[in-house]
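K.L.:
Sharing run-v8.txt below, compact mmCIF, C-alpha atoms and all ligand atoms:
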```txt
# COMPACT_ATOMS: atom_id res chain seq x y z
CA MET A 1 100.08 56.08 95.02
CA ALA A 2 97.27 57.02 97.37
CA GLU A 3 95.13 59.99 96.40
CA SER A 4 96.29 62.01 99.40
CA GLU A 5 99.88 61.67 98.30
CA LYS A 6 99.47 63.31 94.91
CA SER A 7 101.98 66.06 94.32
CA MET A 8 101.28 69.58 95.45
CA ILE A 9 101.47 72.48 93.09
CA PHE A 10 103.45 75.52 94.11
CA THR A 11 102.95 78.79 92.26
CA ALA A 12 105.49 81.61 92.54
CA ILE A 13 103.96 84.92 91.47
CA ILE A 14 106.45 87.49 90.25
CA PRO A 15 105.11 90.97 89.47
CA CYS A 16 107.40 92.72 87.00
CA TYR A 17 107.50 96.30 85.89
CA ASN A 18 110.53 97.03 83.72
CA GLU A 19 112.55 94.15 85.13
CA GLU A 20 114.21 92.76 81.97
CA GLU A 21 117.53 92.22 83.78
CA ASN A 22 115.92 90.40 86.70
CA VAL A 23 113.56 88.03 84.89
CA PRO A 24 116.18 85.33 84.14
CA ASP A 25 117.95 85.82 87.49
CA ILE A 26 114.95 85.16 89.66
CA TYR A 27 114.14 82.11 87.55
CA THR A 28 117.60 80.67 88.17
CA GLU A 29 117.43 81.51 91.87
CA ILE A 30 114.06 79.82 92.36
CA LEU A 31 115.23 76.73 90.47
CA LYS A 32 118.13 76.39 92.88
CA ASN A 33 115.55 74.92 95.26
CA GLU A 34 114.60 72.24 92.76
CA GLU A 35 116.03 69.39 94.78
CA TYR A 36 113.95 70.39 97.76
CA PHE A 37 110.82 70.59 95.59
CA LYS A 38 111.50 67.14 94.09
CA ALA A 39 112.12 65.61 97.50
CA HIS A 40 108.80 66.93 98.78
CA ASP A 41 106.83 66.11 95.66
CA ILE A 42 106.15 69.75 94.89
CA GLU A 43 105.30 70.67 91.32
CA LEU A 44 106.55 74.12 90.38
CA GLU A 45 104.66 76.83 88.49
CA LEU A 46 106.26 80.20 87.80
CA LEU A 47 103.88 82.98 87.00
CA TYR A 48 105.33 86.25 85.77
CA VAL A 49 102.87 89.14 85.77
CA ASP A 50 104.03 91.86 83.44
CA ASP A 51 102.60 95.12 84.69
CA GLY A 52 102.77 96.99 81.38
CA SER A 53 106.57 97.08 81.18
CA ARG A 54 108.08 99.25 78.50
CA ASP A 55 111.37 97.37 78.30
CA LYS A 56 112.06 93.79 77.17
CA THR A 57 110.50 92.09 80.20
CA VAL A 58 107.87 90.26 78.13
CA LEU A 59 110.49 89.12 75.63
CA GLU A 60 112.66 87.74 78.43
CA VAL A 61 109.74 85.82 79.92
CA LYS A 62 108.85 84.42 76.50
CA LYS A 63 112.41 83.13 76.16
CA LEU A 64 111.96 81.27 79.45
CA ILE A 65 108.59 79.90 78.36
CA GLU A 66 110.19 78.45 75.24
CA LYS A 67 112.67 76.39 77.22
CA ASP A 68 110.55 75.62 80.30
CA SER A 69 106.85 74.79 80.17
CA ARG A 70 106.44 75.55 83.87
CA VAL A 71 106.80 79.27 83.21
CA HIS A 72 103.66 81.30 82.54
CA LEU A 73 102.96 84.90 81.72
CA VAL A 74 100.09 87.30 82.22
CA SER A 75 100.74 90.61 80.53
CA PHE A 76 98.77 93.80 81.23
CA SER A 77 97.72 96.33 78.63
CA ARG A 78 99.32 99.12 80.66
CA ASN A 79 100.86 99.74 84.09
CA PHE A 80 98.19 99.02 86.72
CA GLY A 81 100.48 98.97 89.74
CA LYS A 82 101.91 96.21 91.87
CA GLU A 83 98.69 95.67 93.81
CA ALA A 84 96.85 94.86 90.57
CA ALA A 85 99.73 92.61 89.49
CA ILE A 86 99.52 90.66 92.75
CA PHE A 87 95.77 90.26 92.35
CA ALA A 88 96.12 89.07 88.74
CA GLY A 89 98.80 86.62 89.84
CA LEU A 90 96.60 85.15 92.56
CA GLU A 91 93.64 84.91 90.20
CA ASN A 92 95.66 83.06 87.59
CA SER A 93 97.52 80.75 89.94
CA ARG A 94 96.72 77.05 90.25
CA GLY A 95 98.91 76.26 93.21
CA ASP A 96 97.93 74.61 96.47
CA PHE A 97 100.60 76.89 97.85
CA VAL A 98 101.28 80.32 96.43
CA ALA A 99 104.16 82.70 97.04
CA LEU A 100 104.49 86.36 96.14
CA MET A 101 107.99 87.50 95.32
CA ASP A 102 109.57 90.63 93.88
CA ALA A 103 111.53 90.26 90.68
CA ASP A 104 114.50 92.20 92.02
CA LEU A 105 115.77 89.39 94.31
CA GLN A 106 115.06 91.45 97.42
CA ASP A 107 112.88 88.53 98.43
CA PRO A 108 115.47 85.75 98.65
CA PRO A 109 114.19 82.52 97.03
CA SER A 110 116.65 80.64 99.23
CA LEU A 111 114.16 81.11 102.07
CA LEU A 112 111.55 78.99 100.26
CA PRO A 113 112.51 75.60 101.78
CA GLN A 114 112.32 77.07 105.27
CA MET A 115 108.94 78.60 104.45
CA PHE A 116 107.69 75.29 103.09
CA ASP A 117 108.84 73.40 106.16
CA GLU A 118 106.73 75.72 108.29
CA ILE A 119 103.62 75.64 106.12
CA ILE A 120 103.63 71.92 105.39
CA SER A 121 103.50 71.22 109.10
CA GLY A 122 99.94 72.55 108.83
CA GLU A 123 100.21 74.80 111.83
CA PHE A 124 100.15 78.02 109.80
CA ASP A 125 98.14 79.29 106.85
CA CYS A 126 100.82 81.69 105.84
CA VAL A 127 104.54 82.15 106.25
CA ALA A 128 105.49 85.76 105.78
CA THR A 129 108.74 87.65 105.88
CA ARG A 130 109.71 90.73 107.75
CA ARG A 131 112.89 92.67 107.35
CA VAL A 132 114.33 93.70 110.66
CA SER A 133 116.65 96.37 109.29
CA ARG A 134 116.20 99.09 106.73
CA LYS A 135 119.84 99.02 105.72
CA GLY A 136 120.51 100.78 102.41
CA GLU A 137 117.42 102.93 102.59
CA PRO A 138 117.58 106.75 102.85
CA PRO A 139 117.19 107.64 106.59
CA ILE A 140 114.40 110.12 105.91
CA ARG A 141 112.43 107.37 104.18
CA SER A 142 112.90 105.00 107.11
CA PHE A 143 111.81 107.75 109.49
CA PHE A 144 108.54 108.36 107.66
CA ALA A 145 107.95 104.65 107.29
CA ARG A 146 108.28 104.22 111.06
CA CYS A 147 105.86 107.12 111.67
CA PHE A 148 103.38 105.58 109.27
CA TYR A 149 103.37 102.20 111.04
CA ARG A 150 103.07 103.81 114.45
CA LEU A 151 100.11 105.90 113.26
CA MET A 152 98.43 102.92 111.59
CA HIS A 153 98.82 100.91 114.76
CA LYS A 154 96.88 103.61 116.63
CA ILE A 155 94.08 104.30 114.17
CA SER A 156 93.40 100.94 112.58
CA LYS A 157 92.22 97.63 113.98
CA THR A 158 93.94 95.78 111.17
CA ASP A 159 97.35 94.44 112.05
CA ILE A 160 99.82 96.15 109.72
CA VAL A 161 103.30 94.93 110.57
CA ASP A 162 106.34 97.21 110.32
CA GLY A 163 108.89 95.92 107.87
CA ALA A 164 106.54 93.25 106.52
CA ARG A 165 107.27 92.48 102.91
CA ASP A 166 104.81 91.17 100.41
CA TYR A 167 107.04 88.08 100.19
CA ARG A 168 104.95 85.28 101.65
CA LEU A 169 103.86 81.73 101.12
CA MET A 170 100.13 81.07 101.48
CA THR A 171 97.75 78.16 101.42
CA ARG A 172 94.99 77.96 98.82
CA ALA A 173 92.40 78.83 101.49
CA MET A 174 94.15 82.10 102.21
CA VAL A 175 94.57 82.89 98.51
CA ASP A 176 90.84 82.36 97.97
CA SER A 177 90.06 84.65 100.88
CA ILE A 178 92.20 87.39 99.36
CA LEU A 179 90.52 86.90 96.00
CA SER A 180 87.15 87.37 97.64
CA MET A 181 88.19 90.92 98.52
CA ARG A 182 87.54 92.57 95.22
CA GLU A 183 88.04 96.18 96.23
CA TYR A 184 89.46 98.52 93.64
CA ASN A 185 91.65 100.51 96.04
CA ARG A 186 93.93 97.71 97.11
CA PHE A 187 96.43 97.91 99.95
CA SER A 188 97.75 94.41 100.36
CA LYS A 189 99.70 95.06 103.56
CA GLY A 190 96.27 95.67 105.08
CA ILE A 191 94.32 93.04 103.16
CA LEU A 192 96.78 90.34 104.19
CA GLY A 193 96.52 91.35 107.84
CA TRP A 194 92.77 91.79 107.81
CA ASP A 195 91.82 88.26 106.83
CA GLY A 196 93.05 86.87 110.13
CA PHE A 197 94.76 83.72 108.90
CA LYS A 198 97.48 82.38 111.14
CA THR A 199 100.81 83.80 110.05
CA LYS A 200 104.33 82.76 110.94
CA TRP A 201 106.87 85.59 110.60
CA LEU A 202 110.38 84.93 109.40
CA GLU A 203 112.84 87.73 109.92
CA TYR A 204 115.80 88.66 107.80
CA GLU A 205 118.18 91.54 107.14
CA ASN A 206 117.17 93.88 104.36
CA ILE A 207 118.71 92.98 101.02
CA GLU A 208 119.39 95.72 98.53
CA ARG A 209 118.07 95.56 94.98
CA VAL A 210 120.61 93.88 92.69
CA LYS A 211 119.76 95.29 89.26
CA GLY A 212 117.47 97.99 87.92
CA GLU A 213 115.86 100.74 89.96
CA THR A 214 113.16 100.92 92.60
CA LYS A 215 109.77 101.99 91.23
CA TRP A 216 109.00 103.99 94.35
CA SER A 217 109.55 107.71 94.61
CA PHE A 218 109.12 109.48 97.93
CA TRP A 219 105.89 111.04 96.68
CA GLY A 220 104.68 107.65 95.46
CA LEU A 221 105.27 106.15 98.88
CA PHE A 222 103.50 109.06 100.53
CA LYS A 223 100.41 108.52 98.39
CA TYR A 224 100.62 104.79 99.06
CA SER A 225 100.60 105.44 102.81
CA LEU A 226 97.47 107.60 102.46
CA GLU A 227 95.94 104.70 100.54
CA GLY A 228 96.66 102.50 103.54
CA ILE A 229 95.22 104.95 106.04
CA MET A 230 92.04 105.46 104.08
CA GLY A 231 91.67 101.81 103.17
CA PHE A 232 91.97 100.53 106.71
CA SER A 233 90.85 103.30 109.02
CA THR A 234 88.00 105.77 109.20
CA ALA A 235 89.71 107.75 111.95
CA PRO A 236 90.32 110.82 109.72
CA LEU A 237 86.56 111.06 109.18
CA GLY A 238 85.96 111.21 112.91
CA MET A 239 88.61 113.92 113.22
CA ALA A 240 86.22 116.61 111.90
CA SER A 241 83.77 115.92 114.73
CA VAL A 242 86.50 116.01 117.35
CA LEU A 243 87.91 119.27 115.99
CA GLY A 244 84.39 120.72 115.84
CA ILE A 245 83.68 119.90 119.48
CA PHE A 246 87.07 121.22 120.55
CA PHE A 247 86.69 124.58 118.81
CA THR A 248 83.11 125.03 120.02
CA PHE A 249 84.48 124.63 123.51
CA VAL A 250 87.28 127.14 122.86
CA ALA A 251 84.78 129.61 121.39
CA PHE A 252 82.57 129.24 124.44
CA ILE A 253 85.44 130.06 126.81
CA ALA A 254 86.43 133.02 124.60
CA ILE A 255 82.88 134.42 124.68
CA ILE A 256 82.79 134.31 128.46
CA PHE A 257 86.25 135.91 128.61
CA ILE A 258 85.17 138.78 126.30
CA ILE A 259 81.91 139.42 128.17
CA ILE A 260 83.75 139.63 131.47
CA ARG A 261 86.52 141.78 130.02
CA THR A 262 83.97 144.20 128.50
CA MET A 263 82.14 144.49 131.79
CA VAL A 264 85.34 145.15 133.72
CA PHE A 265 87.34 147.31 131.28
CA GLY A 266 84.70 148.78 128.99
CA ASP A 267 84.71 148.11 125.22
CA PRO A 268 87.84 149.14 123.36
CA THR A 269 87.34 148.24 119.64
CA SER A 270 90.80 146.78 119.27
CA GLY A 271 91.40 143.19 118.25
CA TRP A 272 90.70 142.96 114.55
CA PRO A 273 94.10 141.37 113.71
CA SER A 274 93.40 138.54 116.10
CA LEU A 275 89.95 138.23 114.56
CA ALA A 276 91.46 137.94 111.08
CA CYS A 277 93.81 135.20 112.34
CA ILE A 278 90.92 133.29 113.86
CA ILE A 279 88.90 133.48 110.65
CA ILE A 280 91.81 132.26 108.52
CA PHE A 281 92.57 129.50 111.00
CA MET A 282 88.98 128.28 111.12
CA GLY A 283 88.73 128.53 107.33
CA GLY A 284 91.82 126.34 107.06
CA ILE A 285 90.47 123.72 109.43
CA GLN A 286 87.14 123.62 107.62
CA LEU A 287 88.73 123.21 104.22
CA PHE A 288 91.01 120.51 105.59
CA CYS A 289 88.02 118.56 106.94
CA VAL A 290 86.11 118.94 103.70
CA GLY A 291 89.24 117.70 101.93
CA VAL A 292 89.34 114.57 104.10
CA LEU A 293 85.70 113.92 103.27
CA GLY A 294 86.50 114.45 99.61
CA GLN A 295 89.31 111.88 99.76
CA TYR A 296 86.99 109.23 101.13
CA LEU A 297 84.30 110.21 98.67
CA SER A 298 86.71 109.81 95.77
CA LYS A 299 87.54 106.30 96.98
CA VAL A 300 83.85 105.46 97.16
CA TYR A 301 83.41 106.87 93.67
CA LEU A 302 86.15 104.63 92.29
CA GLU A 303 84.73 101.58 94.06
CA VAL A 304 81.21 102.23 92.81
CA LYS A 305 82.37 102.41 89.20
CA ASN A 306 83.37 98.80 89.68
CA ARG A 307 86.00 98.79 86.97
CA PRO A 308 88.20 95.72 86.52
CA ILE A 309 91.36 95.80 88.63
CA TYR A 310 93.53 95.00 85.61
CA ILE A 311 93.23 94.32 81.89
CA VAL A 312 95.09 91.44 80.29
CA LYS A 313 96.65 91.88 76.88
CA GLU A 314 98.35 88.53 76.60
CA ARG A 315 98.31 85.26 78.48
CA LEU A 316 100.80 82.44 77.88
N1 LIG B 1 106.16 96.46 90.42
C1 LIG B 1 105.03 96.26 89.62
N2 LIG B 1 104.31 97.34 89.22
C2 LIG B 1 104.63 98.63 89.56
C3 LIG B 1 105.75 98.81 90.41
C4 LIG B 1 106.49 97.72 90.82
O1 LIG B 1 104.71 95.13 89.29
O2 LIG B 1 103.94 99.56 89.15
C5 LIG B 1 106.97 95.30 90.85
C6 LIG B 1 108.45 95.42 90.55
O3 LIG B 1 108.74 94.97 89.25
C7 LIG B 1 109.07 94.53 91.60
C8 LIG B 1 108.12 94.70 92.79
O4 LIG B 1 106.91 95.21 92.25
O5 LIG B 1 109.08 93.16 91.22
C9 LIG B 1 108.69 95.63 93.85
O6 LIG B 1 109.06 96.86 93.27
P1 LIG B 1 110.30 97.69 93.78
O7 LIG B 1 111.49 96.81 93.91
O8 LIG B 1 110.43 98.86 92.88
O9 LIG B 1 109.82 98.15 95.21
P2 LIG B 1 110.68 98.19 96.55
O10 LIG B 1 111.35 96.87 96.69
O11 LIG B 1 111.65 99.30 96.38
O12 LIG B 1 109.66 98.43 97.62
MG MG B 2 112.51 96.03 95.42
```
Rewrite the structure of this file - the entire thing - as structure tokens.
Ligand code: UDP
Ligand code: MG

P.N.:
Amino acid sequence: MAESEKSMIFTAIIPCYNEEENVPDIYTEILKNEEYFKAHDIELELLYVDDGSRDKTVLEVKKLIEKDSRVHLVSFSRNFGKEAAIFAGLENSRGDFVALMDADLQDPPSLLPQMFDEIISGEFDCVATRRVSRKGEPPIRSFFARCFYRLMHKISKTDIVDGARDYRLMTRAMVDSILSMREYNRFSKGILGWDGFKTKWLEYENIERVKGETKWSFWGLFKYSLEGIMGFSTAPLGMASVLGIFFTFVAFIAIIFIIIRTMVFGDPTSGWPSLACIIIFMGGIQLFCVGVLGQYLSKVYLEVKNRPIYIVKERL
């Protein structure tokens, strides 16, 4: 066999946080594509990243490892978050092609052959998925999600696609580019858009989680969206200057108004309630702006510490 025809390795990275019920299911689902993989000379590698689960996730993965040598495990010392799990997965993958997929089967493995067909053609560096509906999601959550994407579109140059899932198949070149971004505050929806590799989008209807529960609370998602805004836009920092200029202008008009009024009507000493309102209002704006600065500063602080993104307890 010629050197160029040697089989390709495909790594599926599966971040798991308390997913004991889903670990065997996703394995079975991915293996349903085995015929396709064989036909295209693709060697499979399944990499489970256990993000400090407190249930039997690790045990379930170990059971799989015992019967199938293609299964691997990286287990964290505690919960570091999905972003860290993705990074660890990419760092520990060997594949020429690498896919990220959720353990909960919301990222249908049946799409893999279609994704491979696209990427093997060589036209794209990445085949990503986008859900076109938010079926099964609380309406209020969808509403805020939409607002977030609209805002991001306005204030960030990075292309952050609405409905984009982390489920994607990438070439080694793209994986290496992501690994070169070693920031501590990771927001992969942004990182994956920032690197500029050519992406093909596949669209599908939202699929609801089969077993277990989502790890996202509303508050968690809110904080995650702030992460995205601060990671990929400095617009909030500029806001203080804009507000400053605006209020200086307002104050200037007000001064002229008061001078003229005093000259025309004399000087009644009324007006302290409005003064109190103005002081409280300005105090609020100033604190808000200092708060925005503080948020960015805290991110810088965490980056400068240069701590590892994750800590491995066990590797199999
Ligand atoms: N996950 C993780 N660490 C976390 C939270 C989630 O590795 O701290 C994994 C989780 O096990 C799942 C994927 O990330 O495989 C997506 O999580 P989830 O289904 O809760 O998110 P959703 O689909 O609701 O956005
Ligand atoms: Mg899910």

K.L.:
Closest to ligand LIG 1 (chain B) among A:Met170, A:Ile207, A:Ile155, A:Ile9, using only C-alpha atoms and all ligand atoms?

P.N.:
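For ligand LIG 1 (chain B), the nearest of the candidates is A:Ile207.
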
K.L.:
Which residue, A:Ser93, A:Ile245, A:Glu66, A:Asn79, has the smallest gap to Leu44 (chain A) when you use all atoms listed in the file?

P.N.:
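Residue with the minimum atom-to-atom distance to Leu44 (chain A): A:Ser93.
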
K.L.:
In Å, with one decimal, what is the gap from CA of Asp50 (chain A) to CA of Trp216 (chain A)?

P.N.:
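Rounded to one decimal, the two atoms are 17.1 Å apart.
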
K.L.:
For Val312 (chain A), work out the shell of residues within 8 Å, counting all atoms listed in the file and skipping chain neighbours fewer than 6 positions away, then give it as a PDB file with C-alpha atoms, in the frame of the given file.

P.N.:
```
ATOM      1  CA  VAL A  74     100.090  87.300  82.220  1.00  0.00           C
ATOM      2  CA  SER A  75     100.740  90.610  80.530  1.00  0.00           C
ATOM      3  CA  PHE A  76      98.770  93.800  81.230  1.00  0.00           C
ATOM      4  CA  SER A  77      97.720  96.330  78.630  1.00  0.00           C
TER       5      SER A  77
END
```

K.L.:
Could you work out how far CA of Phe249 (chain A) lies from CA of Ser274 (chain A), giving the answer in Å with one decimal?

P.N.:
18.1 Å

K.L.:
Do you know which residues are within 8 Å of ligand MG 2 (chain B) using only C-alpha atoms and all ligand atoms? Can you write them as a ChimeraX atom specification?

P.N.:
/A:102-106,208-209,213-215

K.L.:
For Gly81 (chain A), please output as a list in words all residues within 12 Å (counting all atoms listed in the file; exclusion window: fewer than 4 positions along the same chain).

P.N.:
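Result of the neighbour search: Pro15, Cys16, Tyr17, Asn18, Val49, Asp50, Asp51, Gly52, Ser53, Phe76, Ser77, Ala85, Ile86, Phe87, Ala88, Tyr184, Asn185, Arg186, Phe187, Ser188, Lys215, Trp216, Gly220, Tyr224, Ile309, Tyr310 and Ile311 of chain A.
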
K.L.:
For CA of Leu169 (chain A) and CA of Glu29 (chain A), determine how far apart the two atoms are, in Å to one decimal place.

P.N.:
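Taking CA of Leu169 (chain A) as the start and CA of Glu29 (chain A) as the end point, the length is 16.4 Å.
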
K.L.:
Could you give me, as an NGL selection string, the residues within 10 Å of Glu183 (chain A), counting all atoms listed in the file and dropping anything in the same chain fewer than 5 positions from it?

P.N.:
:A and (191 or 231 or 302-304 or 306-309)

K.L.:
Which polymer residues have any atom within 6 Å of an atom of region 135-152 of chain A, counting only C-alpha atoms, with same-chain residues fewer than 2 positions away left out, as a list of chain:residue names?

P.N.:
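Residues near the query, excluding close chain neighbours: A:Ser133, A:Lys154, A:Ile155, A:Ser156, A:Asp162, A:Asn206.
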
K.L.:
If you count all atoms listed in the file, which residues fall within 7 Å of Ile42 (chain A), apart from same-chain ones fewer than 2 positions away, as a PyMOL selection string?

P.N.:
chain A and resi 7-10+37-38+40+44

K.L.:
Could you give me the axis-aligned bounding box of ligand LIG 1 (chain B), with 6 Å of padding per side, as centre plus edge lengths in Å to one decimal, as lines of an AutoDock Vina configuration file?

P.N.:
```
center_x = 107.8
center_y = 96.4
center_z = 93.4
size_x = 19.7
size_y = 18.4
size_z = 20.5
```

K.L.:
Which one of A:Ala84, A:Leu90, A:Ile258, A:Ile30 sits closest to ligand LIG 1 (chain B) if you count all atoms listed in the file?

P.N.:
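With all atoms listed in the file as the atom set, the closest residue is A:Ala84.
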
K.L.:
For ligand LIG 1 (chain B), which of A:Pro113, A:Gly212, A:Gly271, A:Gly284 is the closest residue, counting all atoms listed in the file?

P.N.:
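Answer, going by the shortest atom-to-atom distance: A:Gly212.
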